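Colleague: Coordinates in entry.txt, compact mmCIF, C-alpha atoms, are listed below.
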# COMPACT_ATOMS: atom_id res chain seq x y z
CA MET V 1 -19.74 -47.28 -21.83
CA GLN V 2 -17.55 -44.18 -22.01
CA THR V 3 -18.18 -41.30 -19.62
CA VAL V 4 -16.91 -37.77 -19.91
CA LYS V 5 -17.11 -35.13 -17.24
CA MET V 6 -17.73 -31.41 -17.08
CA VAL V 7 -17.46 -29.41 -13.88
CA ILE V 8 -19.68 -26.48 -12.96
CA SER V 9 -18.07 -24.22 -10.38
CA GLY V 10 -18.62 -20.81 -8.87
CA ALA V 11 -19.11 -18.97 -5.60
CA VAL V 12 -21.95 -19.68 -3.19
CA ASN V 13 -25.35 -18.98 -4.73
CA ALA V 14 -23.92 -18.50 -8.23
CA GLY V 15 -26.56 -20.89 -9.59
CA LYS V 16 -24.64 -24.16 -10.01
CA THR V 17 -27.42 -26.42 -8.77
CA GLU V 18 -29.99 -24.66 -10.92
CA PHE V 19 -27.73 -24.87 -13.96
CA ILE V 20 -27.34 -28.65 -13.67
CA LYS V 21 -31.02 -29.22 -12.83
CA THR V 22 -32.03 -27.32 -15.95
CA ILE V 23 -30.12 -29.54 -18.36
CA SER V 24 -29.79 -32.91 -16.63
CA GLU V 25 -31.87 -35.81 -17.90
CA ILE V 26 -32.02 -37.36 -14.49
CA GLU V 27 -33.24 -35.96 -11.21
CA VAL V 28 -30.14 -34.17 -9.98
CA VAL V 29 -28.39 -36.00 -7.20
CA SER V 30 -27.88 -33.10 -4.87
CA THR V 31 -26.69 -33.43 -1.32
CA GLU V 32 -28.27 -30.29 0.01
CA ARG V 33 -28.12 -29.64 3.70
CA ARG V 34 -29.06 -26.74 5.88
CA ALA V 35 -26.25 -24.23 5.70
CA THR V 36 -24.29 -23.95 8.91
CA ASP V 37 -22.08 -20.94 8.32
CA ASP V 38 -22.45 -17.47 6.92
CA THR V 39 -23.87 -18.80 3.67
CA LYS V 40 -27.18 -19.12 5.47
CA LEU V 41 -27.40 -15.36 5.17
CA ILE V 42 -27.57 -15.86 1.40
CA LYS V 43 -29.75 -18.89 1.10
CA LYS V 44 -31.38 -21.30 3.48
CA GLU V 45 -30.21 -24.46 1.73
CA THR V 46 -26.82 -24.51 0.12
CA THR V 47 -24.75 -27.17 -1.58
CA VAL V 48 -22.43 -28.82 0.89
CA ALA V 49 -21.30 -31.81 -1.11
CA MET V 50 -21.97 -31.77 -4.80
CA ASP V 51 -24.58 -31.84 -7.51
CA PHE V 52 -24.52 -34.54 -10.11
CA GLY V 53 -26.36 -34.53 -13.40
CA ARG V 54 -26.25 -36.75 -16.45
CA ILE V 55 -26.88 -36.50 -20.17
CA ALA V 56 -26.87 -39.70 -22.23
CA VAL V 57 -25.23 -39.07 -25.60
CA GLY V 58 -25.84 -42.57 -26.92
CA ASP V 59 -25.73 -46.16 -25.81
CA ASP V 60 -21.99 -45.96 -25.38
CA LEU V 61 -21.38 -42.40 -24.17
CA VAL V 62 -22.55 -40.40 -21.16
CA LEU V 63 -21.81 -36.83 -20.14
CA HIS V 64 -21.65 -36.26 -16.39
CA LEU V 65 -22.07 -32.80 -14.91
CA PHE V 66 -20.62 -32.14 -11.48
CA GLY V 67 -21.30 -29.03 -9.44
CA THR V 68 -18.64 -28.08 -6.94
CA PRO V 69 -19.50 -27.10 -3.39
CA GLY V 70 -19.56 -23.34 -3.07
CA GLN V 71 -18.24 -23.03 0.43
CA LYS V 72 -14.53 -22.55 1.07
CA ARG V 73 -14.33 -25.38 3.58
CA PHE V 74 -15.08 -27.81 0.76
CA ASP V 75 -12.14 -26.67 -1.39
CA PHE V 76 -10.59 -30.12 -1.10
CA MET V 77 -13.43 -31.45 -3.26
CA TRP V 78 -12.43 -29.24 -6.17
CA GLU V 79 -9.23 -31.04 -7.03
CA ILE V 80 -10.93 -34.41 -6.76
CA LEU V 81 -13.70 -33.26 -9.09
CA SER V 82 -11.28 -31.66 -11.52
CA GLU V 83 -9.40 -34.88 -12.18
CA GLY V 84 -9.98 -35.91 -15.78
CA MET V 85 -12.55 -33.23 -16.52
CA LEU V 86 -13.20 -32.30 -20.11
CA GLY V 87 -14.02 -28.70 -19.39
CA LEU V 88 -15.20 -26.24 -16.79
CA VAL V 89 -18.02 -23.73 -16.51
CA ILE V 90 -17.41 -20.93 -14.03
CA LEU V 91 -20.75 -19.47 -13.00
CA VAL V 92 -20.88 -15.92 -11.66
CA ASP V 93 -23.79 -14.24 -9.94
CA SER V 94 -23.81 -11.11 -12.10
CA THR V 95 -25.83 -9.20 -9.53
CA ARG V 96 -23.38 -9.60 -6.62
CA PRO V 97 -20.00 -7.90 -7.10
CA GLU V 98 -19.06 -9.07 -3.61
CA THR V 99 -18.59 -12.56 -5.10
CA PHE V 100 -16.19 -11.51 -7.89
CA ARG V 101 -13.05 -11.96 -5.76
CA GLU V 102 -14.15 -15.43 -4.76
CA THR V 103 -14.81 -16.20 -8.41
CA ASN V 104 -11.27 -15.16 -9.25
CA ARG V 105 -9.96 -17.39 -6.49
CA ILE V 106 -11.85 -20.33 -7.98
CA ILE V 107 -10.54 -19.64 -11.48
CA ASP V 108 -6.99 -19.35 -10.10
CA PHE V 109 -7.42 -22.65 -8.31
CA PHE V 110 -8.48 -24.59 -11.37
CA MET V 111 -6.00 -22.91 -13.69
CA SER V 112 -3.09 -23.51 -11.32
CA TYR V 113 -3.34 -27.22 -12.04
CA ARG V 114 -3.46 -27.21 -15.77
CA GLU V 115 -4.83 -25.43 -18.82
CA THR V 116 -8.39 -26.66 -18.58
CA PRO V 117 -10.79 -25.44 -21.27
CA TYR V 118 -13.28 -23.19 -19.54
CA VAL V 119 -15.91 -20.54 -20.10
CA VAL V 120 -17.41 -18.02 -17.69
CA ALA V 121 -21.20 -17.84 -17.51
CA ALA V 122 -22.59 -14.50 -16.33
CA ASN V 123 -25.65 -15.85 -14.55
CA LYS V 124 -28.84 -14.05 -13.53
CA GLN V 125 -28.82 -11.84 -16.60
CA ASP V 126 -32.60 -11.65 -16.26
CA ARG V 127 -32.21 -9.54 -13.12
CA PRO V 128 -32.35 -5.74 -13.50
CA ASN V 129 -29.11 -5.06 -11.63
CA ALA V 130 -26.99 -7.66 -13.44
CA TRP V 131 -23.55 -6.64 -14.65
CA SER V 132 -23.20 -7.34 -18.35
CA PRO V 133 -20.76 -9.99 -19.65
CA ASP V 134 -18.47 -7.22 -20.92
CA GLU V 135 -18.44 -5.56 -17.53
CA LEU V 136 -17.82 -8.88 -15.83
CA ARG V 137 -14.87 -9.57 -18.11
CA LEU V 138 -13.30 -6.31 -16.96
CA ALA V 139 -14.23 -6.83 -13.32
CA LEU V 140 -12.72 -10.32 -13.31
CA ARG V 141 -9.85 -9.21 -15.56
CA LEU V 142 -10.31 -12.10 -17.89
CA PRO V 143 -8.21 -12.26 -21.06
CA THR V 144 -10.03 -11.71 -24.33
CA HIS V 145 -9.73 -15.33 -25.46
CA ILE V 146 -11.86 -16.52 -22.52
CA LYS V 147 -15.54 -16.55 -23.40
CA VAL V 148 -17.84 -14.67 -21.01
CA LEU V 149 -21.40 -15.67 -21.83
CA PRO V 150 -24.77 -14.32 -20.75
CA CYS V 151 -26.68 -16.95 -18.81
CA THR V 152 -29.94 -17.56 -17.01
CA ALA V 153 -29.43 -20.86 -15.21
CA ASN V 154 -33.11 -21.82 -15.10
CA ASP V 155 -33.53 -21.36 -18.85
CA ARG V 156 -32.66 -24.50 -20.79
CA GLU V 157 -31.73 -22.70 -24.03
CA SER V 158 -29.38 -20.44 -22.12
CA VAL V 159 -27.70 -23.39 -20.37
CA LYS V 160 -27.41 -25.24 -23.68
CA LEU V 161 -25.71 -22.24 -25.22
CA VAL V 162 -23.12 -22.12 -22.43
CA LEU V 163 -22.36 -25.83 -22.78
CA LEU V 164 -22.13 -25.56 -26.56
CA GLU V 165 -19.69 -22.67 -26.26
CA LEU V 166 -17.59 -24.72 -23.85
CA LEU V 167 -17.69 -27.65 -26.26
CA ASP V 168 -16.52 -25.32 -29.00
CA VAL V 169 -13.46 -24.45 -26.88
CA ILE V 170 -12.88 -28.16 -26.20
CA MET V 171 -13.26 -28.93 -29.91
CA GLN V 172 -10.44 -26.53 -30.75
CA ARG V 173 -8.12 -28.54 -28.51
CA SER V 174 -9.30 -31.97 -29.54
CA GLU V 175 -7.52 -34.30 -31.91
CA ASP V 176 -8.69 -35.81 -35.19
CA MET O 1 -29.16 -0.14 -15.51
CA PRO O 2 -26.60 1.28 -13.07
CA LEU O 3 -23.78 -0.88 -11.73
CA VAL O 4 -24.14 -1.05 -7.98
CA GLY O 5 -22.09 -2.52 -5.18
CA ASN O 6 -19.84 -1.72 -2.25
CA ILE O 7 -16.18 -0.72 -2.53
CA ARG O 8 -15.52 -3.10 0.35
CA ASP O 9 -16.10 -5.88 -2.18
CA PHE O 10 -15.08 -4.20 -5.41
CA GLY O 11 -12.49 -1.55 -4.71
CA LEU O 12 -12.26 1.93 -6.13
CA SER O 13 -9.10 1.04 -8.04
CA ASP O 14 -10.87 -2.00 -9.54
CA PHE O 15 -13.73 0.22 -10.61
CA LEU O 16 -11.40 2.78 -12.15
CA TYR O 17 -9.78 -0.05 -14.12
CA LEU O 18 -13.22 -1.12 -15.36
CA VAL O 19 -14.06 2.46 -16.37
CA ASP O 20 -10.76 2.80 -18.20
CA ARG O 21 -10.83 -0.50 -20.08
CA GLY O 22 -14.54 -0.23 -20.80
CA TYR O 23 -14.18 3.37 -22.10
CA LYS O 24 -17.08 4.23 -19.86
CA THR O 25 -18.86 7.55 -19.89
CA GLY O 26 -20.95 8.34 -16.85
CA CYS O 27 -20.86 9.09 -13.15
CA LEU O 28 -19.63 6.97 -10.27
CA HIS O 29 -21.55 7.99 -7.16
CA LEU O 30 -19.98 6.97 -3.86
CA SER O 31 -21.51 7.30 -0.42
CA ARG O 32 -20.83 6.28 3.15
CA ALA O 33 -22.51 7.63 6.30
CA ASP O 34 -23.03 11.31 5.49
CA GLU O 35 -20.21 11.55 2.94
CA MET O 36 -20.83 11.57 -0.81
CA ALA O 37 -18.75 11.99 -3.92
CA SER O 38 -19.38 11.89 -7.65
CA LEU O 39 -16.71 11.08 -10.22
CA TYR O 40 -17.53 11.84 -13.83
CA PHE O 41 -15.83 10.09 -16.72
CA ASP O 42 -15.74 10.61 -20.44
CA LYS O 43 -14.64 7.59 -22.52
CA GLY O 44 -12.77 6.11 -19.60
CA LYS O 45 -11.03 9.28 -18.45
CA LEU O 46 -11.82 11.43 -15.44
CA ILE O 47 -13.31 14.84 -16.20
CA THR O 48 -14.34 15.99 -12.75
CA ALA O 49 -14.87 14.87 -9.16
CA ILE O 50 -17.21 16.57 -6.75
CA ARG O 51 -17.46 15.80 -3.05
CA LYS O 52 -20.37 16.77 -0.86
CA ASP O 53 -19.62 19.98 1.07
CA ASP O 54 -16.93 20.89 -1.44
CA VAL O 55 -17.10 23.60 -4.07
CA ALA O 56 -19.13 22.30 -7.02
CA ILE O 57 -18.94 25.37 -9.26
CA VAL O 58 -15.75 26.10 -11.12
CA THR O 59 -15.91 29.88 -10.78
CA ASP O 60 -16.41 29.64 -7.00
CA LEU O 61 -13.40 27.35 -6.79
CA LEU O 62 -11.21 29.68 -8.83
CA VAL O 63 -12.27 32.73 -6.85
CA ARG O 64 -11.49 30.89 -3.64
CA LYS O 65 -8.05 30.00 -4.99
CA GLY O 66 -7.41 33.59 -6.06
CA LYS O 67 -7.34 32.75 -9.77
CA LEU O 68 -10.41 34.84 -10.67
CA THR O 69 -12.06 37.96 -9.34
CA PRO O 70 -15.78 37.84 -8.49
CA ILE O 71 -16.42 40.15 -11.43
CA GLN O 72 -14.61 37.81 -13.83
CA ALA O 73 -16.55 34.90 -12.36
CA ALA O 74 -19.85 36.67 -13.00
CA GLN O 75 -18.74 37.53 -16.54
CA ALA O 76 -17.97 33.88 -17.30
CA THR O 77 -21.21 32.66 -15.75
CA GLN O 78 -23.20 35.12 -17.84
CA ALA O 79 -21.36 34.14 -21.00
CA GLN O 80 -22.03 30.48 -20.33
CA ARG O 81 -25.77 31.19 -20.02
CA ASN O 82 -25.64 32.71 -23.48
CA ASP O 83 -23.74 29.68 -24.85
CA SER O 84 -25.53 26.76 -23.28
CA GLY O 85 -23.42 24.13 -25.06
CA ALA O 86 -20.05 25.03 -23.59
CA SER O 87 -18.78 24.38 -20.09
CA VAL O 88 -17.80 27.29 -17.88
CA SER O 89 -14.23 25.94 -17.95
CA GLN O 90 -14.18 26.34 -21.72
CA ILE O 91 -15.79 29.79 -21.54
CA LEU O 92 -13.13 30.96 -19.07
CA VAL O 93 -10.43 30.06 -21.57
CA ASN O 94 -12.34 31.46 -24.54
CA LEU O 95 -12.67 34.81 -22.73
CA ASN O 96 -8.97 34.75 -21.77
CA LEU O 97 -9.89 35.05 -18.12
CA ILE O 98 -7.38 32.33 -17.32
CA GLY O 99 -4.82 30.45 -19.37
CA ARG O 100 -5.68 26.95 -20.52
CA ASP O 101 -2.61 25.38 -18.87
CA GLU O 102 -3.15 27.25 -15.62
CA LEU O 103 -6.82 26.24 -15.48
CA GLN O 104 -5.93 22.60 -16.20
CA ARG O 105 -3.25 22.62 -13.50
CA VAL O 106 -5.49 24.14 -10.81
CA LEU O 107 -8.49 21.95 -11.59
CA GLN O 108 -6.46 18.78 -11.97
CA GLN O 109 -4.78 19.27 -8.62
CA HIS O 110 -8.10 19.94 -6.91
CA ILE O 111 -9.90 17.02 -8.57
CA GLU O 112 -7.10 14.53 -8.06
CA GLU O 113 -6.88 15.34 -4.36
CA SER O 114 -10.63 14.73 -4.08
CA VAL O 115 -10.19 11.31 -5.68
CA TYR O 116 -7.15 10.35 -3.56
CA LEU O 117 -9.18 10.95 -0.41
CA LEU O 118 -11.64 8.33 -1.65
CA PHE O 119 -8.92 5.67 -1.77
CA GLY O 120 -8.95 5.85 2.02
CA TRP O 121 -12.51 4.55 2.13
CA SER O 122 -12.54 0.91 3.14
CA GLU O 123 -16.25 0.64 2.47
CA GLY O 124 -19.04 2.62 0.87
CA GLU O 125 -21.86 2.10 -1.59
CA PHE O 126 -21.19 2.82 -5.25
CA ARG O 127 -23.52 3.31 -8.17
CA PHE O 128 -22.35 3.95 -11.71
CA GLU O 129 -24.84 5.78 -13.91
CA GLN O 130 -23.98 5.27 -17.56
CA GLY O 131 -24.03 8.38 -19.71
CA GLN O 132 -24.58 10.83 -16.85
CA ARG O 133 -22.78 14.15 -17.40
CA PRO O 134 -21.77 16.84 -14.93
CA GLU O 135 -23.38 20.27 -14.79
CA LEU O 136 -21.66 22.65 -17.20
CA THR O 137 -20.83 24.91 -14.26
CA ALA O 138 -18.82 22.13 -12.55
CA PRO O 139 -15.00 22.20 -12.46
CA ILE O 140 -14.65 20.20 -15.66
CA LEU O 141 -11.13 19.46 -16.87
CA LEU O 142 -10.37 20.65 -20.38
CA THR O 143 -8.08 17.66 -20.83
CA PRO O 144 -9.48 14.54 -19.12
CA VAL O 145 -7.09 12.62 -16.85
CA PRO O 146 -6.18 8.97 -17.54
CA VAL O 147 -7.13 6.80 -14.59
CA GLU O 148 -3.93 4.72 -14.49
CA HIS O 149 -2.21 7.77 -13.06
CA LEU O 150 -4.92 8.13 -10.41
CA ILE O 151 -4.71 4.44 -9.53
CA MET O 152 -0.94 4.54 -9.06
CA GLU O 153 -1.09 7.60 -6.82
CA GLY O 154 -4.12 6.31 -4.94
CA VAL O 155 -2.45 3.00 -4.26
CA ARG O 156 0.64 4.80 -2.92
CA ARG O 157 -1.62 5.91 -0.11
CA ILE O 158 -2.78 2.43 0.79
CA ASP O 159 -1.11 1.26 3.96
CA GLU O 160 -3.02 -1.89 4.78
CA TRP O 161 -2.18 -5.47 3.93
CA GLY O 162 -5.80 -6.55 3.76
CA ARG O 163 -6.66 -4.84 0.52
CA ILE O 164 -3.38 -5.83 -1.12
CA LYS O 165 -3.80 -9.46 -0.15
CA ASP O 166 -7.08 -9.66 -2.01
CA ARG O 167 -5.08 -9.48 -5.22
CA ILE O 168 -1.71 -10.75 -4.06
CA PRO O 169 -2.39 -13.54 -1.59
CA SER O 170 1.22 -14.71 -1.35
CA THR O 171 4.76 -13.46 -1.89
CA ASP O 172 5.43 -16.74 -3.73
CA MET O 173 3.58 -15.40 -6.75
CA VAL O 174 5.43 -14.52 -9.94
CA VAL O 175 5.09 -11.09 -11.55
CA LYS O 176 5.02 -10.68 -15.30
CA PHE O 177 4.24 -7.87 -17.65
CA ILE O 178 1.00 -8.02 -19.56
CA GLU O 179 1.48 -8.36 -23.29
CA GLN O 180 1.70 -4.70 -24.26
CA PRO O 181 2.25 -2.56 -21.18
CA THR O 182 4.39 0.03 -22.97
CA GLU O 183 1.53 2.16 -24.29
CA ARG O 184 -0.32 2.16 -20.99
CA ALA O 185 2.85 2.90 -19.05
CA LYS O 186 3.35 6.15 -20.93
CA GLY O 187 0.87 8.02 -18.76
CA ILE O 188 2.35 6.82 -15.49
CA ASN O 189 5.10 8.44 -13.50
CA LEU O 190 7.01 6.08 -11.26
CA ALA O 191 8.83 6.98 -8.08
CA ALA O 192 12.41 5.79 -7.63
CA GLU O 193 11.47 2.79 -5.49
CA GLU O 194 8.77 1.85 -7.99
CA TRP O 195 11.35 1.87 -10.77
CA ARG O 196 13.52 -0.46 -8.70
CA VAL O 197 10.71 -2.99 -8.58
CA PHE O 198 9.61 -2.36 -12.16
CA ALA O 199 13.10 -3.12 -13.44
CA ARG O 200 13.17 -6.45 -11.60
CA ILE O 201 10.00 -7.84 -13.16
CA ASN O 202 11.00 -10.66 -15.47
CA GLY O 203 8.17 -13.20 -15.39
CA LYS O 204 10.29 -15.60 -13.34
CA ASP O 205 11.04 -13.99 -9.99
CA THR O 206 8.54 -14.17 -7.17
CA LEU O 207 7.59 -11.16 -5.10
CA ALA O 208 9.75 -12.50 -2.28
CA GLU O 209 12.71 -12.77 -4.64
CA ILE O 210 12.16 -9.23 -5.90
CA ALA O 211 12.02 -8.01 -2.31
CA HIS O 212 15.30 -9.77 -1.60
CA LYS O 213 17.02 -8.42 -4.72
CA THR O 214 15.87 -4.84 -4.17
CA ASN O 215 16.49 -4.97 -0.43
CA MET O 216 12.94 -3.77 0.16
CA SER O 217 10.31 -5.14 2.52
CA ASP O 218 7.73 -7.66 1.31
CA PHE O 219 5.02 -5.13 2.10
CA ASP O 220 6.59 -2.36 0.02
CA VAL O 221 7.14 -4.65 -2.96
CA CYS O 222 3.60 -6.02 -2.74
CA ARG O 223 2.14 -2.52 -2.42
CA ILE O 224 4.05 -1.33 -5.47
CA VAL O 225 3.16 -4.40 -7.51
CA TYR O 226 -0.46 -4.00 -6.38
CA GLY O 227 -0.37 -0.57 -8.02
CA PHE O 228 1.06 -1.97 -11.26
CA LEU O 229 -1.49 -4.76 -11.15
CA THR O 230 -4.44 -2.47 -10.55
CA ALA O 231 -3.30 -0.14 -13.30
CA GLY O 232 -3.23 -3.12 -15.67
CA LEU O 233 0.53 -3.14 -16.27
CA VAL O 234 1.39 -6.52 -14.82
CA ASP O 235 -0.15 -9.81 -13.86
CA VAL O 236 0.68 -11.99 -10.89
CA LEU O 237 0.54 -15.75 -11.22
CA ARG O 238 1.10 -18.69 -9.01
CA LYS O 239 4.46 -20.28 -9.61
CA PRO O 240 3.65 -23.38 -11.64
CA ALA O 241 3.91 -26.55 -9.62
CA PRO O 242 6.42 -28.95 -11.21
CA VAL O 243 4.26 -32.06 -10.85
CA PRO O 244 0.60 -31.51 -9.98
CA MET O 245 -0.45 -33.95 -7.30
CA LEU O 246 -3.76 -34.76 -5.70
CA ALA O 247 -4.12 -34.52 -1.94
CA THR O 248 -4.15 -38.29 -2.00
CA GLY O 249 -0.56 -38.27 -3.30
CA ARG O 250 -1.51 -39.45 -6.77
CA PRO O 251 -0.44 -37.35 -9.76
CA LEU O 252 -3.22 -35.28 -11.25
CA ALA O 253 -4.17 -36.58 -14.66
CA GLU O 254 -3.72 -34.29 -17.63
CA ALA O 255 -6.87 -33.03 -19.32
CA PRO O 256 -7.97 -35.97 -21.42
CA ARG O 257 -7.14 -35.77 -25.12
CA ILE O 258 -10.48 -36.20 -26.72
CA LYS O 259 -11.37 -36.93 -30.30
CA LYS O 260 -13.24 -34.39 -32.40
CA SER O 261 -15.79 -37.02 -33.37
CA LEU O 262 -16.72 -37.52 -29.73
CA VAL O 263 -17.07 -33.77 -29.11
CA THR O 264 -19.24 -33.53 -32.20
CA ARG O 265 -21.54 -36.22 -30.81
CA ILE O 266 -21.95 -34.34 -27.54
CA ILE O 267 -22.59 -31.08 -29.40
CA ASN O 268 -25.28 -32.71 -31.53
CA ARG O 269 -26.88 -34.26 -28.46
CA ILE O 270 -27.08 -30.97 -26.60
CA ARG O 271 -28.32 -29.11 -29.66
CA GLY O 272 -31.13 -31.64 -29.93
CA MET O 273 -32.28 -31.32 -26.33
Re-express the file's structure as structure tokens.
Modeller:
Amino acid sequence: MQTVKMVISGAVNAGKTEFIKTISEIEVVSTERRATDDTKLIKKETTVAMDFGRIAVGDDLVLHLFGTPGQKRFDFMWEILSEGMLGLVILVDSTRPETFRETNRIIDFFMSYRETPYVVAANKQDRPNAWSPDELRLALRLPTHIKVLPCTANDRESVKLVLLELLDVIMQRSED
Amino acid sequence: MPLVGNIRDFGLSDFLYLVDRGYKTGCLHLSRADEMASLYFDKGKLITAIRKDDVAIVTDLLVRKGKLTPIQAAQATQAQRNDSGASVSQILVNLNLIGRDELQRVLQQHIEESVYLLFGWSEGEFRFEQGQRPELTAPILLTPVPVEHLIMEGVRRIDEWGRIKDRIPSTDMVVKFIEQPTERAKGINLAAEEWRVFARINGKDTLAEIAHKTNMSDFDVCRIVYGFLTAGLVDVLRKPAPVPMLATGRPLAEAPRIKKSLVTRIINRIRGM
């Protein structure tokens, strides 16, 4: 059985858990605990370890989805999770510009290790005050070759689209 | 929908960059305590800025500055009422009440100073209303001002590490030019010390090395590079680590080389979900 891994990262409350829950075939293994620091101002329960989802591609191939912890004190988990990953989805809460700097820090972290294929998903596009993907690209100063995609993490079609776009980036770097 | 936030989290210079690169037309409203300001843009360039308690009518401003008489001001105002499509600024020039260059110079100086004061705000709510235009009686520039120039001058007035460190967390970072800075750089005037730093940017030296070579302080170099960065002229990158290692001491594996056939299988699976 071959397994491949994708990582879903982003700032606290960007929607990582929701994103994985929406697409995973299994009940998401999520180690949620009561938040103990300032994240409790944002949500009562926040991810303190990781989320884990799974999509069976066939009898011999499984796609694992890992969500990174959002809080800074769990940064050490990021490099462990990033080992051997196929690609990365960076989720952004499009309604909270106060998280854009943290999002940039996360992108910098992952890109400082190697050229990982990644896309940015502009989550919560169903909210009235969401910044558009084009505006997010400018706010995050992302180069034009990086895909910034509209996303609603609790909508399966939207999550599928993000993953398919990431797979398209991965495909361009894959070998025959 | 308007873009909303706080400049504590998304700074004024960041917003100006967004307006510039997004060719935005509209009004950026800023407020804190009892202070308010409105910056109007046309296709990414500044056309006017109005602060609360400041003169909001161009003729009043010019009379106050001794560039118009009250009679001339009244004449222009009346003419504008008869020509509802033109701004008072344009009418003033059309009636030869003031020269175009002189009007541009006076308004630009006044408007730019209003904007520079806003760079001193460490926090304040912002709201950007797309498509919103100023009143035709406002001090509207005949030639809109590129925002890179405003960013550079505004950043010259920043004297705090905190804001700079948001973008430049370490002096070990390498500075490199973005792919085509030449066109953008045309509208920017650099001071002598900024040229010293500009000339040292080679995509290899760190900020600390540039500081050493120019005999300037780390803070001054970072502040100057912060200006270049915010204006979209340069990028700062972490110096690439020679051998990526995990905290455990093991080397970090390269991204796996994956076969197209396998990616195709995953794509088909997800499409079918």
Colleague: Pick the closest to chain V from O:Tyr116, O:Ala138, O:Ile188, O:Arg257: which is it, counting only C-alpha atoms?
Modeller: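 Ranked by minimum distance to chain V, first place goes to O:Arg257.
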Colleague: Would you list the residues near (-14.0, 21.5, -10.5) (no more than 9 Å away, in the coordinates of the file, using only C-alpha atoms) as number ranges by chain?
Modeller: O: 47-50, 55-59, 61-62, 89, 106-108, 110-111, 137-141
Colleague: Residues within 6 Å of stretch 73-82 of chain O, please, as number ranges by chain. Count only C-alpha atoms; anything in the same chain fewer than 3 positions from it doesn't count.
Modeller: O: 59, 70, 88, 92
Colleague: Nearest residue to chain V out of O:Glu179, O:Glu113, O:Glu153, O:Asp53, using only C-alpha atoms?
Modeller: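 Answer, going by the shortest atom-to-atom distance: O:Glu179.
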Colleague: As JSON, numbers by chain, please: the residues near V:Thr99 (cut-off 8 Å, all atoms listed in the file, same-chain neighbours under 6 positions excluded).
Modeller: {"V": [11, 92, 93], "O": [9]}
